[in-house]
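Written below as structure tokens is the structure these notes are about.
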Amino acid sequence: MLSYDLGGAFESTASSRHRATWPLVAAFQTRDQLIHDREHGAWWGTGALAEVDATRMLLTPASPVVPAGVRDIRIETAPEAYMSGVARAKAHIAAGDCYQINLTHAMRATLLGSARGVFARLLEAADPWHGAYVEWNDAGVHHAVASASPELFLEFDAGTRRVRTRPMKGTRRSLEQRDELWSSEKERAELHMIVDLMRNDLSRVCEVGSVRVASPRTIEQHGTPSSLPGIGTSILQATALVEGKLRDDVGLDALLAATFPPGSITGAPKIRVMQLIDVLEERSRGPYCGCVGGLFDNGDLELNVAIRTALIQGNEVEYAVGAGIVADSDPKAEWEETLVKAGPLRALERG
């Protein structure tokens, strides 16, 4: 687990003024793993977990009396305050200070049942392409990062030294809005800017001429439908694919230093936008907008972008959402987009 705030360690001019409540890095050797193959809807295990019932393992130690979920969801930022932040972000863009800013806000709730159970329910609600979960105890407090992320930050193949990233920009609530999302010039420009940023980041560490945009823009369906009004998790996302070949003299540490944090959750230009985010947002992001993933024994690396992610400390759950702000952003529409992205949390709510 890499916290968003690790970016300030790579680039000191973008370090945060906010008090960090999560470690910058949490790394664990995991010989025994539970892995989900979402394409085939199957769980499988490695090591001592090879013969384990994965569903039962996930739900333990969930209380049979209290089903996993959350209650008392509360939005920390008032709509007016967020929209004011959007206006301030647009003023920086109009002044030529930046081109795009990803502005986020946090929601909080009380945990019911177990953190593992919450992750299992997030998987059901969000059907994430790049979900991941990590937990540990610190000073007697249980910590868990339950990420139901649809977005791939980095995938590195040690054999071919190929690096891939799949930035996302552009969201719609209804599957009937595919044509609207595809034709939106605002959403197209938003993704194009992040694609350029990721091309630039990869070019710093990849072989000359190897970085290319393999897919400039694709509309994808993520999540699962819901019969409950207002909390469905099935949404449309616009995604691109950028890839390159890592130079032979470059290690994974340099790859991370060149690309972290992900461009889709910062904006462009990245360092200046990180400084502005620190002013516009009133909290440390922690693991949200960072990464969760694995470094494997053969040298392969896979990291998601930790969005659609529940941060659990004890019985408190934090779930943050955001939107990319550009010159023609409508503050009310951006606020409403963040609420669409809160669908997985709403799907966990119990009375």
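Chain labels run A, B, ... following the order of the structure tokens; each chain numbers its residues from 1, and ligands are numbered from 1 in the order shown.
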Could you make a table, as a Markdown table, of the residues of segment 63-109 of chain A that have an atom within 9 Å of an atom of segment 305-318 of chain A, each with its nearest atom pair and distance in Å to one decimal, counting only C-alpha atoms, in chain and number order?
| residue | atom | partner | partner_atom | distance |
| --- | --- | --- | --- | --- |
| A:Val70 | CA | A:Val317 | CA | 7.8 |
| A:Ala106 | CA | A:Glu318 | CA | 6.6 |
| A:Met107 | CA | A:Glu318 | CA | 5.8 |
| A:Arg108 | CA | A:Glu318 | CA | 4.5 |
| A:Ala109 | CA | A:Val317 | CA | 5.1 |
Contacts of Pro261 of chain A at 9 Å (only C-alpha atoms; same-chain gap of 3+ positions) as a ChimeraX atom specification | /A:3-7,256-258,264-266,270,289-291,305
Write down as JSON, numbers by chain the residues of segment 127-308 of chain A whose backbone DSSP state falls under strand (DSSP E).
-> {"A": [132, 133, 134, 135, 136, 137, 138, 141, 142, 143, 144, 145, 146, 147, 152, 153, 154, 155, 156, 157, 162, 163, 164, 165, 168, 169, 170, 171, 172, 212, 213, 214, 215, 216, 217, 218, 219, 220, 221, 222, 235, 236, 237, 238, 239, 240, 241, 242, 243, 244, 245, 267, 268, 293, 294, 295, 301, 302, 303, 304]}
All helix (DSSP H, G or I) positions in segment 135-341 of chain A, as a VMD selection string | chain A and resid 175 to 183 185 to 203 252 to 259 263 to 265 270 to 280 331 to 341
For Gly209 of chain A, please output as a PyMOL selection string all residues within 10 Å (counting only C-alpha atoms; exclusion window: fewer than 6 positions along the same chain).
-> chain A and resi 203+244-245
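Proximity of A:Arg346, A:His192, A:Arg247, A:Arg19 to Thr218 of chain A, computed with only C-alpha atoms, is greatest for A:His192.
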Fewer than 6 positions away in the same chain doesn't count, so skip those; otherwise give me all residues within 8 Å of Leu197 of chain A, counting only C-alpha atoms, as a VMD selection string.
-> chain A and resid 263 268 to 270
